[in-house]
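Novice: This is the content of start39.cif (mmCIF, C-alpha atoms):
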data_model
#
loop_
_atom_site.label_atom_id
_atom_site.label_comp_id
_atom_site.auth_asym_id
_atom_site.auth_seq_id
_atom_site.Cartn_x
_atom_site.Cartn_y
_atom_site.Cartn_z
CA MET A 1038 79.85 115.44 121.98
CA GLN A 1039 80.92 112.58 119.75
CA ASN A 1040 84.57 112.24 118.80
CA PRO A 1041 86.32 110.78 115.80
CA GLU A 1042 87.60 107.32 116.64
CA SER A 1043 91.17 107.06 115.52
CA ASN A 1044 91.48 103.30 115.32
CA THR A 1045 88.50 102.35 113.20
CA SER A 1046 88.71 101.30 109.58
CA ASN A 1047 86.60 104.33 108.74
CA VAL A 1048 88.34 107.29 107.19
CA GLN A 1049 88.02 110.30 109.48
CA VAL A 1050 88.44 113.67 107.82
CA LEU A 1051 89.18 116.75 109.90
CA VAL A 1052 88.29 120.13 108.50
CA ASP A 1053 87.98 123.79 109.29
CA LEU A 1054 85.14 125.23 107.26
CA LYS A 1055 86.70 128.71 107.24
CA ASP A 1056 89.55 127.35 105.18
CA PRO A 1057 89.15 126.81 101.41
CA GLU A 1058 91.68 123.97 101.47
CA SER A 1059 89.44 122.09 103.89
CA VAL A 1060 86.38 122.63 101.74
CA VAL A 1061 88.27 121.48 98.65
CA GLY A 1062 89.34 118.50 100.74
CA ILE A 1063 85.71 117.59 101.48
CA MET A 1064 84.92 117.72 97.76
CA ALA A 1065 87.99 115.63 96.92
CA ILE A 1066 87.19 112.94 99.44
CA ALA A 1067 83.51 112.89 98.47
CA ASN A 1068 84.69 112.19 94.94
CA TRP A 1069 87.20 109.60 96.16
CA SER A 1070 84.65 107.78 98.31
CA LYS A 1071 82.35 107.03 95.36
CA ASP A 1072 84.43 103.98 94.50
CA ARG A 1073 85.20 102.84 98.07
CA VAL A 1074 83.58 100.71 100.66
CA GLN A 1075 85.19 102.61 103.53
CA THR A 1076 82.91 104.88 105.49
CA VAL A 1077 84.10 108.47 105.54
CA GLN A 1078 83.20 110.77 108.38
CA VAL A 1079 83.91 114.48 108.44
CA TRP A 1080 84.72 116.18 111.75
CA PRO A 1081 85.61 119.73 112.73
CA PHE A 1082 89.16 120.65 113.62
CA VAL A 1083 89.30 124.28 114.62
CA ARG A 1084 92.75 125.37 115.69
CA GLU A 1085 95.03 128.14 114.58
CA PRO A 1086 97.49 126.87 111.97
CA ILE A 1087 100.87 125.96 113.40
CA ASN A 1088 103.55 128.57 112.78
CA THR A 1089 106.85 126.97 113.75
CA ALA A 1090 108.83 130.04 112.67
CA ALA A 1091 107.16 132.10 115.39
CA GLU A 1092 108.79 129.85 118.01
CA VAL A 1093 112.34 130.28 116.71
CA PRO A 1094 114.42 132.30 119.19
CA ARG A 1095 115.34 135.80 118.09
CA GLY A 1096 118.64 136.13 116.27
CA ASP A 1097 120.72 138.98 114.92
CA ALA A 1098 119.33 141.65 112.63
CA ASP A 1099 120.11 139.73 109.41
CA PHE A 1100 118.45 136.60 110.76
CA GLU A 1101 115.35 138.50 111.80
CA ALA A 1102 115.22 140.27 108.44
CA TYR A 1103 115.41 136.92 106.67
CA LYS A 1104 112.65 135.51 108.88
CA ALA A 1105 110.44 138.49 108.10
CA ARG A 1106 111.00 138.15 104.33
CA ARG A 1107 110.34 134.44 104.42
CA SER A 1108 107.21 134.97 106.45
CA LEU A 1109 105.98 137.50 103.88
CA ALA A 1110 106.74 135.08 101.04
CA ARG A 1111 104.80 132.35 102.84
CA HIS A 1112 101.88 134.68 103.47
CA ASN A 1113 101.77 135.73 99.81
CA TYR A 1114 101.98 132.12 98.72
CA LYS A 1115 99.01 131.22 100.87
CA SER A 1116 97.01 133.88 99.03
CA GLN A 1117 97.89 132.25 95.72
CA GLU A 1118 96.92 128.86 97.05
CA ARG A 1119 93.67 130.21 98.48
CA ASP A 1120 92.78 131.66 95.06
CA ARG A 1121 93.53 128.33 93.40
CA ASN A 1122 91.32 126.55 95.90
CA LEU A 1123 88.51 129.00 95.24
CA GLN A 1124 88.93 128.25 91.54
CA ARG A 1125 88.69 124.54 92.32
CA LEU A 1126 85.39 125.29 94.03
CA SER A 1127 84.26 127.49 91.11
CA LEU A 1128 84.00 130.45 93.46
CA THR A 1129 85.34 133.94 92.90
CA ARG A 1130 85.35 135.22 96.45
CA LEU A 1131 86.20 133.84 99.86
CA TRP A 1132 83.25 133.27 102.18
CA GLN A 1133 83.18 134.78 105.64
CA PHE A 1134 81.49 133.43 108.74
CA SER A 1135 80.03 135.34 111.63
CA ASP A 1136 81.22 133.87 114.93
CA ALA A 1137 77.83 132.31 115.55
CA GLY A 1138 77.69 131.03 111.98
CA ALA A 1139 81.09 129.33 112.28
CA ILE A 1140 80.17 127.58 115.53
CA LEU A 1141 76.83 126.42 114.18
CA ALA A 1142 78.38 125.19 110.92
CA HIS A 1143 80.92 123.07 112.77
CA TRP A 1144 78.20 121.82 115.10
CA GLY A 1145 76.34 120.85 111.96
CA LEU A 1146 79.30 118.72 110.92
CA LEU A 1147 79.17 117.00 114.30
CA ARG A 1148 75.47 116.29 113.95
CA LEU A 1149 75.96 114.91 110.45
CA ALA A 1150 78.80 112.71 111.70
CA ALA A 1151 76.62 111.49 114.58
CA LYS A 1152 73.94 110.56 112.07
CA GLN A 1153 76.56 108.82 109.93
CA ALA A 1154 75.66 110.98 106.98
CA PRO A 1155 77.59 109.99 103.86
CA VAL A 1156 80.39 112.34 102.89
CA ARG A 1157 78.42 113.15 99.75
CA VAL A 1158 75.75 114.72 101.99
CA VAL A 1159 78.38 116.67 103.93
CA ALA A 1160 79.78 117.93 100.63
CA GLU A 1161 76.32 119.06 99.53
CA PHE A 1162 75.77 120.88 102.82
CA VAL A 1163 79.15 122.59 102.65
CA SER A 1164 78.74 123.54 98.98
CA GLU A 1165 75.49 125.25 99.83
CA LEU A 1166 77.07 126.90 102.85
CA VAL A 1167 80.06 128.50 101.17
CA ALA A 1168 78.12 129.65 98.11
CA CYS A 1169 76.75 132.44 100.30
CA ASP A 1170 77.43 135.91 98.89
CA ALA A 1171 77.00 137.61 102.23
CA LEU A 1172 78.30 136.94 105.73
CA ILE A 1173 77.49 133.34 106.69
CA ASP A 1174 75.41 133.77 109.80
CA ALA A 1175 73.45 131.31 111.92
CA ASP A 1176 70.33 131.72 109.76
CA TRP A 1177 72.20 130.80 106.59
CA VAL A 1178 73.78 127.79 108.28
CA GLN A 1179 70.40 126.59 109.47
CA SER A 1180 68.86 126.93 106.03
CA SER A 1181 71.84 125.04 104.54
CA LEU A 1182 71.56 122.28 107.14
CA ARG A 1183 67.81 121.82 107.14
CA PRO A 1184 67.58 119.69 103.98
CA PHE A 1185 70.00 117.20 105.52
CA ILE A 1186 68.81 117.15 109.13
CA THR A 1187 65.06 116.91 109.13
CA SER A 1188 64.87 117.22 112.91
CA LEU A 1189 67.08 120.32 112.94
CA ASP A 1190 64.58 122.58 114.67
CA VAL A 1191 64.18 120.08 117.49
CA GLU A 1192 67.93 119.52 117.79
CA MET A 1193 68.58 123.25 117.78
CA ARG A 1194 66.74 123.55 121.10
CA ALA A 1195 69.71 121.89 122.75
CA PHE A 1196 72.23 124.04 120.88
CA ASP A 1197 74.22 126.34 123.12
CA PRO A 1198 76.89 128.25 121.16
CA SER A 1199 79.20 128.88 124.08
CA THR A 1200 79.16 125.23 125.17
CA VAL A 1201 79.66 124.04 121.62
CA ALA A 1202 82.58 126.45 121.12
CA ILE A 1203 84.29 125.04 124.20
CA ASP A 1204 83.61 121.46 123.10
CA LEU A 1205 84.98 122.14 119.62
CA ALA A 1206 88.14 123.64 121.08
CA GLN A 1207 88.61 120.73 123.46
CA GLN A 1208 88.02 118.12 120.80
CA SER A 1209 90.47 119.85 118.48
CA LEU A 1210 93.02 119.97 121.26
CA ARG A 1211 92.62 116.22 121.83
CA LEU A 1212 93.12 115.61 118.13
CA SER A 1213 96.26 117.76 118.22
CA GLU A 1214 97.55 115.56 121.01
CA GLN A 1215 96.93 112.56 118.74
CA GLY A 1216 99.20 114.11 116.11
CA VAL A 1217 96.82 116.13 113.97
CA LEU A 1218 98.75 119.22 112.94
CA SER A 1219 96.44 120.99 110.55
CA ALA A 1220 93.21 120.91 108.60
CA PRO A 1221 92.41 119.23 106.36
CA SER A 1222 93.81 115.98 107.73
CA MET A 1223 92.68 112.39 107.58
CA ILE A 1224 92.95 109.59 110.10
CA TYR A 1225 92.88 105.98 109.02
CA GLN A 1226 93.63 103.07 111.33
CA GLY A 1227 95.30 105.40 113.79
CA GLU A 1228 97.58 107.04 111.24
CA VAL A 1229 97.31 110.77 110.61
CA PHE A 1230 97.61 112.08 107.07
CA SER A 1231 98.20 115.81 106.87
CA SER A 1232 96.54 117.01 103.65
CA ILE A 1233 94.03 115.46 101.36
CA GLY A 1234 96.91 114.99 98.91
CA HIS A 1235 97.59 111.64 100.57
CA LEU A 1236 94.48 110.06 99.07
CA PRO A 1237 96.49 107.94 96.58
CA ARG A 1238 98.42 106.39 99.46
CA LEU A 1239 95.25 106.00 101.49
CA SER A 1240 93.66 104.18 98.54
CA ASP A 1241 96.50 101.68 98.63
CA LEU A 1242 96.15 101.18 102.37
CA CYS A 1243 92.40 100.70 102.12
CA LYS A 1244 92.83 98.19 99.33
CA ALA A 1245 95.45 96.31 101.33
CA SER A 1246 93.29 96.17 104.43
CA LEU A 1247 90.36 94.83 102.41
CA SER A 1248 92.46 92.04 100.97
CA VAL A 1249 93.11 90.72 104.48
CA SER A 1250 90.23 88.78 105.95
CA PRO A 1251 89.28 89.19 109.64
CA SER A 1252 91.21 86.02 110.45
CA GLY A 1253 94.32 87.65 109.03
CA ALA A 1254 94.47 85.44 105.95
CA VAL A 1255 95.13 87.24 102.73
CA SER A 1256 92.30 86.65 100.30
CA MET B 1132 109.45 128.51 81.24
CA LEU B 1133 109.18 126.09 84.11
CA SER B 1134 111.66 126.57 86.94
CA VAL B 1135 111.89 124.14 89.82
CA CYS B 1136 113.62 125.06 93.06
CA ILE B 1137 115.21 122.30 95.09
CA ASP B 1138 117.58 121.82 97.97
CA PHE B 1139 119.51 118.57 98.37
CA LYS B 1140 119.01 118.60 102.15
CA SER B 1141 115.22 118.63 101.90
CA PRO B 1142 113.54 115.23 102.35
CA TYR B 1143 110.61 116.48 100.30
CA ALA B 1144 112.91 117.41 97.42
CA PHE B 1145 114.51 113.98 97.72
CA VAL B 1146 111.23 112.11 97.29
CA ALA B 1147 110.15 114.48 94.52
CA HIS B 1148 113.13 114.89 92.23
CA ALA B 1149 112.62 111.79 90.08
CA LEU B 1150 108.91 112.50 89.76
CA ILE B 1151 109.57 116.08 88.74
CA TRP B 1152 111.91 114.94 85.99
CA GLN B 1153 108.86 113.28 84.43
CA LEU B 1154 107.51 116.73 83.58
CA GLU B 1155 110.44 117.01 81.20
CA GLU B 1156 110.99 113.40 80.15
CA VAL B 1157 107.38 112.30 79.80
CA HIS B 1158 105.56 115.56 79.13
CA GLY B 1159 108.24 117.49 77.29
CA PHE B 1160 108.48 120.63 79.45
CA LYS B 1161 112.12 121.50 79.95
CA ILE B 1162 112.95 122.26 83.55
CA HIS B 1163 115.27 125.02 84.68
CA TRP B 1164 116.54 123.78 88.04
CA LEU B 1165 117.34 126.38 90.69
CA PRO B 1166 118.96 125.83 94.07
CA LEU B 1167 117.04 127.27 96.99
CA THR B 1168 119.22 126.82 100.03
CA LEU B 1169 116.86 126.56 102.97
CA ASN B 1170 117.68 128.26 106.23
CA ILE B 1171 115.96 125.56 108.27
CA GLY B 1172 116.95 127.10 111.59
CA SER B 1173 114.87 130.15 110.76
CA PHE B 1174 111.58 128.26 110.66
CA LEU B 1175 112.11 124.96 112.46
CA GLY B 1176 114.88 125.79 114.91
CA ARG B 1177 118.19 124.00 114.93
CA ALA B 1178 119.21 120.53 116.08
CA GLU B 1179 122.24 118.31 115.97
CA LYS B 1180 122.37 114.60 116.78
CA ARG B 1181 125.03 112.07 117.52
CA ALA B 1182 125.40 109.05 115.25
CA ASP B 1183 123.22 107.04 117.65
CA GLY B 1184 120.42 109.55 117.15
CA GLU B 1185 120.67 111.28 120.52
CA VAL B 1186 120.09 115.01 120.26
CA VAL B 1187 123.15 116.88 121.51
CA ASP B 1188 122.25 120.46 120.63
CA THR B 1189 118.87 121.98 119.86
CA ASN B 1190 116.71 125.01 120.40
CA ARG B 1191 113.57 123.38 119.03
CA THR B 1192 110.26 123.55 120.85
CA PRO B 1193 108.06 120.43 121.22
CA LYS B 1194 105.75 121.78 118.51
CA GLN B 1195 108.68 122.22 116.11
CA TRP B 1196 109.88 118.71 116.89
CA SER B 1197 106.44 117.28 116.23
CA VAL B 1198 106.34 119.00 112.83
CA VAL B 1199 109.86 117.81 111.96
CA LYS B 1200 109.14 114.24 113.04
CA ALA B 1201 105.87 114.14 111.11
CA ALA B 1202 107.65 115.47 108.01
CA TYR B 1203 110.33 112.80 108.19
CA ARG B 1204 107.83 110.05 108.90
CA ASP B 1205 105.88 111.13 105.87
CA ALA B 1206 108.88 111.54 103.56
CA ARG B 1207 110.37 108.21 104.67
CA CYS B 1208 107.15 106.43 103.86
CA TYR B 1209 107.10 107.84 100.32
CA ALA B 1210 110.83 107.22 99.86
CA GLU B 1211 110.45 103.57 100.88
CA ASN B 1212 107.57 103.15 98.48
CA GLN B 1213 109.90 104.40 95.76
CA GLY B 1214 112.54 101.92 96.86
CA ARG B 1215 114.78 104.64 98.28
CA VAL B 1216 116.64 104.86 101.56
CA LEU B 1217 116.01 107.97 103.64
CA ARG B 1218 118.14 108.27 106.74
CA GLY B 1219 117.58 111.47 108.69
CA PRO B 1220 120.60 113.77 108.71
CA LEU B 1221 122.46 114.24 111.98
CA LYS B 1222 122.78 117.98 111.59
CA ILE B 1223 121.38 120.78 109.49
CA TRP B 1224 123.72 120.85 106.56
CA ASP B 1225 124.83 123.92 104.65
CA SER B 1226 123.76 122.80 101.20
CA SER B 1227 124.76 125.99 99.41
CA LEU B 1228 127.86 124.44 97.82
CA ALA B 1229 125.75 121.59 96.47
CA GLY B 1230 123.44 124.26 95.07
CA VAL B 1231 126.40 125.88 93.35
CA ALA B 1232 127.35 122.48 91.95
CA LEU B 1233 123.80 122.08 90.63
CA MET B 1234 124.12 125.38 88.76
CA TRP B 1235 127.47 124.23 87.39
CA ALA B 1236 126.02 120.89 86.34
CA GLN B 1237 123.14 122.57 84.56
CA GLU B 1238 125.52 124.79 82.66
CA HIS B 1239 128.13 122.17 81.80
CA ALA B 1240 126.26 118.90 81.42
CA GLY B 1241 126.57 117.64 77.88
CA THR B 1242 123.18 115.97 78.09
CA ARG B 1243 120.10 116.24 80.27
CA GLN B 1244 120.76 112.67 81.40
CA GLN B 1245 124.08 113.79 82.86
CA LEU B 1246 122.35 116.49 84.84
CA LYS B 1247 119.72 114.03 86.04
CA GLN B 1248 122.39 111.53 86.99
CA PHE B 1249 124.32 114.11 88.99
CA MET B 1250 121.21 115.13 90.90
CA ALA B 1251 120.15 111.55 91.59
CA ASP B 1252 123.66 110.64 92.70
CA VAL B 1253 123.93 113.49 95.20
CA PHE B 1254 120.40 112.97 96.50
CA GLU B 1255 120.73 109.21 96.95
CA ARG B 1256 124.14 109.35 98.61
CA PHE B 1257 123.26 112.28 100.85
CA TRP B 1258 120.13 110.56 102.14
CA GLN B 1259 122.11 107.42 102.85
CA ARG B 1260 124.52 109.61 104.86
CA GLU B 1261 127.25 108.85 102.37
CA CYS B 1262 127.80 112.27 100.88
CA ASP B 1263 129.26 115.34 102.58
CA ILE B 1264 127.59 118.07 100.57
CA GLU B 1265 129.75 120.71 102.24
CA ASP B 1266 132.88 119.17 100.67
CA ARG B 1267 133.85 120.53 97.25
CA LEU B 1268 135.90 117.48 96.34
CA ILE B 1269 132.97 115.16 97.03
CA LEU B 1270 130.75 117.27 94.81
CA GLU B 1271 133.41 117.32 92.08
CA ALA B 1272 133.51 113.55 92.23
CA ALA B 1273 129.74 113.43 91.76
CA LEU B 1274 130.03 115.74 88.76
CA SER B 1275 132.72 113.50 87.30
CA ARG B 1276 130.69 110.34 87.86
CA ALA B 1277 127.89 111.93 85.86
CA GLY B 1278 130.34 112.72 83.07
CA ILE B 1279 130.27 116.47 83.68
CA GLN B 1280 133.59 118.28 83.34
CA THR B 1281 134.91 119.87 86.51
CA GLN B 1282 137.74 121.98 85.20
CA GLY B 1283 137.21 125.47 86.62
CA PHE B 1284 134.67 124.32 89.23
CA PRO B 1285 136.83 125.25 92.26
CA ASP B 1286 137.14 128.86 91.05
CA TYR B 1287 133.47 128.95 90.14
CA ALA B 1288 132.46 127.58 93.53
CA ALA B 1289 134.52 130.19 95.35
CA GLY B 1290 133.74 133.09 93.03
CA ALA B 1291 131.12 133.61 90.35
CA GLY B 1292 129.09 130.54 91.26
CA ARG B 1293 128.91 131.49 94.91
CA ASP B 1294 127.95 135.07 94.05
CA HIS B 1295 125.27 133.86 91.66
CA HIS B 1296 123.91 131.44 94.24
CA ASP B 1297 123.70 134.13 96.90
CA GLN B 1298 122.01 136.60 94.56
CA LEU B 1299 119.58 133.90 93.52
CA GLN B 1300 118.54 133.28 97.13
CA ASP B 1301 117.68 136.93 97.49
CA GLN B 1302 115.86 136.99 94.17
CA LEU B 1303 113.81 133.85 94.88
CA LEU B 1304 112.75 135.07 98.28
CA THR B 1305 111.68 138.39 96.78
CA GLN B 1306 109.76 136.45 94.17
CA GLY B 1307 107.99 134.58 96.95
CA VAL B 1308 109.70 131.19 96.92
CA PHE B 1309 110.29 129.98 100.46
CA GLY B 1310 110.35 126.17 100.36
CA VAL B 1311 111.19 123.19 98.19
CA PRO B 1312 110.34 121.73 95.88
CA SER B 1313 108.72 124.80 94.37
CA PHE B 1314 107.55 125.19 90.81
CA VAL B 1315 107.73 128.66 89.30
CA LEU B 1316 105.63 129.37 86.25
CA GLU B 1317 105.84 133.04 85.31
CA ASP B 1318 104.49 134.79 88.42
CA GLU B 1319 102.79 131.75 89.87
CA ILE B 1320 104.38 129.56 92.53
CA PHE B 1321 103.42 126.04 93.53
CA PHE B 1322 105.04 124.73 96.70
CA GLY B 1323 105.22 120.98 97.07
CA ARG B 1324 105.15 117.93 94.84
CA GLU B 1325 101.45 117.54 95.52
CA HIS B 1326 100.90 120.36 93.00
CA MET B 1327 102.52 118.57 90.08
CA ASP B 1328 99.17 117.74 88.49
CA THR B 1329 98.16 121.38 88.69
CA VAL B 1330 101.51 122.52 87.30
CA LEU B 1331 101.04 120.15 84.39
CA TRP B 1332 97.48 121.34 83.94
CA ARG B 1333 98.76 124.94 83.77
CA LEU B 1334 101.54 123.97 81.34
CA ASN B 1335 98.95 122.33 79.11
CA GLY B 1336 96.82 125.45 78.96
CA SER B 1337 94.52 125.08 82.02
CA GLN B 1338 91.86 123.13 80.14
CA GLY B 1339 88.98 121.69 82.15
CA ALA B 1340 88.77 121.63 85.93
CA MET B 1341 91.83 122.39 88.02
CA PRO B 1342 93.06 119.12 89.57
CA PHE B 1343 93.05 118.53 93.30
CA VAL B 1344 96.38 118.27 95.11
CA ARG B 1345 97.81 114.75 95.09
CA TYR B 1346 101.03 113.28 96.41
CA PRO B 1347 102.19 110.88 93.71
CA TRP B 1348 102.24 107.41 95.22
CA GLN B 1349 104.22 105.40 92.76
CA ARG B 1350 107.64 103.99 92.03
CA VAL B 1351 109.78 106.00 89.65
#
Would you write the structure of this file as structure tokens?
Specialist:
Amino acid sequence: MQNPESNTSNVQVLVDLKDPESVVGIMAIANWSKDRVQTVQVWPFVREPINTAAEVPRGDADFEAYKARRSLARHNYKSQERDRNLQRLSLTRLWQFSDAGAILAHWGLLRLAAKQAPVRVVAEFVSELVACDALIDADWVQSSLRPFITSLDVEMRAFDPSTVAIDLAQQSLRLSEQGVLSAPSMIYQGEVFSSIGHLPRLSDLCKASLSVSPSGAVS
Amino acid sequence: MLSVCIDFKSPYAFVAHALIWQLEEVHGFKIHWLPLTLNIGSFLGRAEKRADGEVVDTNRTPKQWSVVKAAYRDARCYAENQGRVLRGPLKIWDSSLAGVALMWAQEHAGTRQQLKQFMADVFERFWQRECDIEDRLILEAALSRAGIQTQGFPDYAAGAGRDHHDQLQDQLLTQGVFGVPSFVLEDEIFFGREHMDTVLWRLNGSQGAMPFVRYPWQRV
């Protein structure tokens, strides 16, 4: 399995396709990349979101009650944010994957990254994927992928869901060890950016790196 | 009405406050500022450092530390780009008194500029480790520097102001506000400065496509 390289001048985007924020992130970076020379690659990052509050030692009853209320507030907020992200995608309902569908969809991202598909293509694939009104199963993923991977049927012969699931988990764990905390994130020149919201800063960094020639002289 | 919740001890609120003022000063939407005093120990564990940075007391897990360090790295980068100094605090401060002072300032400032100046003053000094926000006299001095009268503040801070602050914490949590900066527009909450474009889009009547999230990367 190929891995994102953290120290290239490419922009590596890490996403979880179950999460609307990640899908919005793909659309945002596809839009951003139109005016850039940087290559953008999209990779899967499939880990449970970090919940730091769950690791706080138990306290007295008031403390625990506060933690529970804050946790509820956070949960409710995430629902609001999910709805806003669906609105950004012009969708009215959240898509759902079958287990096999989720693994195959993330494998699809890996194949597209291996083929150095432009982020625009990834965005088209993912748009088609999440527009599904029913459960996103392996058949739907294949039909969404086929226009972008002409040799899909041949490549699928080597597809083993259980192996891919393990590989995805291991790759995501490695990325966590490199400092990736959540999806969507971006990596550029070894630096991790948590959230697609950092694109304005990334634009500046990309511009700055382009103005320095390979010899180090500023052009 | 647009309400914005802040806490002086939050690095994210520090890098956001001047930008948020633009919603009022540039776009004309008056902001009702509310203190949300974070209980950081309840979601990130607690930690105390010596002046040299060595941790002397903590119950944080490695995962919590990694989140805290990433947050500070991120906030420091944005602060520096704004020309601000962000020095990590050596302990988790109780910022409730500063929140009470914010409510006082909002009520007693003769002009919006005075309120803005008070907030900027406390933020800048606190993040340079030059302001003890648990000290009433220090906060009174900040109010005075901004030209805000302080007569009656000690009683307010110990009585009605404190009660109001505490009730507000309960009310905000019930409403669903759990972090700062948060923007409250009727029943809708936006957590984080990256939502400012969307807040503005809502304030302007939600015309066209909803903007993507974006951390403003600019000097203010």
Novice: Restricting the calculation to all atoms listed in the file: of B:Ala1340, B:Leu1169, B:Tyr1203, B:Met1250, which residue gets closest to B:Gln1237?
Specialist: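 Nearest candidate to B:Gln1237 out of B:Ala1340, B:Leu1169, B:Tyr1203, B:Met1250: B:Met1250.
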Novice: Which polymer residues, whether protein, DNA or RNA, lie within 12 Å of the coordinate (116.5, 115.0, 84.2) when you count all atoms listed in the file? List them as an NGL selection string, using the chain letters and numbers from the file.
Specialist: :B and (1135 or 1148-1157 or 1159-1164 or 1236-1237 or 1240 or 1242-1252 or 1277)
Novice: Kindly export the residues of the current selection with C-alpha atoms, as an mmCIF file, in the frame of the given file.
Specialist:
data_model
loop_
_atom_site.group_PDB
_atom_site.id
_atom_site.type_symbol
_atom_site.label_atom_id
_atom_site.label_comp_id
_atom_site.auth_asym_id
_atom_site.auth_seq_id
_atom_site.Cartn_x
_atom_site.Cartn_y
_atom_site.Cartn_z
ATOM 1 C CA VAL B 1135 111.890 124.140 89.820
ATOM 2 C CA HIS B 1148 113.130 114.890 92.230
ATOM 3 C CA ALA B 1149 112.620 111.790 90.080
ATOM 4 C CA LEU B 1150 108.910 112.500 89.760
ATOM 5 C CA ILE B 1151 109.570 116.080 88.740
ATOM 6 C CA TRP B 1152 111.910 114.940 85.990
ATOM 7 C CA GLN B 1153 108.860 113.280 84.430
ATOM 8 C CA LEU B 1154 107.510 116.730 83.580
ATOM 9 C CA GLU B 1155 110.440 117.010 81.200
ATOM 10 C CA GLU B 1156 110.990 113.400 80.150
ATOM 11 C CA VAL B 1157 107.380 112.300 79.800
ATOM 12 C CA GLY B 1159 108.240 117.490 77.290
ATOM 13 C CA PHE B 1160 108.480 120.630 79.450
ATOM 14 C CA LYS B 1161 112.120 121.500 79.950
ATOM 15 C CA ILE B 1162 112.950 122.260 83.550
ATOM 16 C CA HIS B 1163 115.270 125.020 84.680
ATOM 17 C CA TRP B 1164 116.540 123.780 88.040
ATOM 18 C CA ALA B 1236 126.020 120.890 86.340
ATOM 19 C CA GLN B 1237 123.140 122.570 84.560
ATOM 20 C CA ALA B 1240 126.260 118.900 81.420
ATOM 21 C CA THR B 1242 123.180 115.970 78.090
ATOM 22 C CA ARG B 1243 120.100 116.240 80.270
ATOM 23 C CA GLN B 1244 120.760 112.670 81.400
ATOM 24 C CA GLN B 1245 124.080 113.790 82.860
ATOM 25 C CA LEU B 1246 122.350 116.490 84.840
ATOM 26 C CA LYS B 1247 119.720 114.030 86.040
ATOM 27 C CA GLN B 1248 122.390 111.530 86.990
ATOM 28 C CA PHE B 1249 124.320 114.110 88.990
ATOM 29 C CA MET B 1250 121.210 115.130 90.900
ATOM 30 C CA ALA B 1251 120.150 111.550 91.590
ATOM 31 C CA ASP B 1252 123.660 110.640 92.700
ATOM 32 C CA ALA B 1277 127.890 111.930 85.860
#
Novice: Figure out the distance between atom CA of A:Ile1224 and atom CA of A:Leu1051, please, to one decimal in Å.
Specialist: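 Atom CA of A:Leu1051 sits 8.1 Å away from atom CA of A:Ile1224.
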Novice: Just how far from atom CA of A:Val1159 is atom CA of A:Ile1063, in Å to one decimal?
Specialist: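 Interatomic distance here is 7.8 Å.
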Novice: Show me which bits of chain B are within 9 Å of chain A, counting all atoms listed in the file, as number ranges by chain.
Specialist: B: 1170, 1172-1177, 1190-1192, 1194-1195, 1197-1198, 1201, 1205, 1209, 1304-1310, 1319-1322, 1325-1326, 1340-1349
Novice: Could you save the residues just selected, with C-alpha atoms, as a CSV table (one decimal), keeping the file's coordinate frame?
Specialist:
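New file again_32.csv:
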chain,number,residue,atom,x,y,z
B,1170,ASN,CA,117.7,128.3,106.2
B,1172,GLY,CA,117.0,127.1,111.6
B,1173,SER,CA,114.9,130.2,110.8
B,1174,PHE,CA,111.6,128.3,110.7
B,1175,LEU,CA,112.1,125.0,112.5
B,1176,GLY,CA,114.9,125.8,114.9
B,1177,ARG,CA,118.2,124.0,114.9
B,1190,ASN,CA,116.7,125.0,120.4
B,1191,ARG,CA,113.6,123.4,119.0
B,1192,THR,CA,110.3,123.6,120.8
B,1194,LYS,CA,105.8,121.8,118.5
B,1195,GLN,CA,108.7,122.2,116.1
B,1197,SER,CA,106.4,117.3,116.2
B,1198,VAL,CA,106.3,119.0,112.8
B,1201,ALA,CA,105.9,114.1,111.1
B,1205,ASP,CA,105.9,111.1,105.9
B,1209,TYR,CA,107.1,107.8,100.3
B,1304,LEU,CA,112.8,135.1,98.3
B,1305,THR,CA,111.7,138.4,96.8
B,1306,GLN,CA,109.8,136.4,94.2
B,1307,GLY,CA,108.0,134.6,97.0
B,1308,VAL,CA,109.7,131.2,96.9
B,1309,PHE,CA,110.3,130.0,100.5
B,1310,GLY,CA,110.4,126.2,100.4
B,1319,GLU,CA,102.8,131.8,89.9
B,1320,ILE,CA,104.4,129.6,92.5
B,1321,PHE,CA,103.4,126.0,93.5
B,1322,PHE,CA,105.0,124.7,96.7
B,1325,GLU,CA,101.4,117.5,95.5
B,1326,HIS,CA,100.9,120.4,93.0
B,1340,ALA,CA,88.8,121.6,85.9
B,1341,MET,CA,91.8,122.4,88.0
B,1342,PRO,CA,93.1,119.1,89.6
B,1343,PHE,CA,93.0,118.5,93.3
B,1344,VAL,CA,96.4,118.3,95.1
B,1345,ARG,CA,97.8,114.8,95.1
B,1346,TYR,CA,101.0,113.3,96.4
B,1347,PRO,CA,102.2,110.9,93.7
B,1348,TRP,CA,102.2,107.4,95.2
B,1349,GLN,CA,104.2,105.4,92.8
Novice: Skipping near chain neighbours, those fewer than 4 positions away, what residues fall within 9 Å of stretch 1071-1079 of chain A using all atoms listed in the file, listed as a list in words?
Specialist: Pro1041, Ser1046, Asn1047, Val1048, Gln1049, Val1050, Leu1051, Val1052, Ile1063, Ile1066, Ala1067, Leu1146, Leu1147, Leu1149, Ala1150, Gln1153, Ala1154, Pro1155, Val1156, Arg1157, Val1159, Ser1240 and Cys1243 of chain A
Novice: Considering all atoms listed in the file, return as a list in words whatever protein or nucleic-acid residues lie within 9 Å of A:Ile1186, sequence-local ones (same chain, fewer than 6 positions apart) excluded.
Specialist: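 The residues satisfying every condition are Gly1145, Arg1148, Leu1149 and Lys1152 of chain A.
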Novice: If you apply the PyMOL selection byres ((chain B and resi 1317) around 9) to this file, what residues do you get, as JSON, numbers by chain?
Specialist: {"B": [1132, 1133, 1134, 1315, 1316, 1318, 1319, 1320]}
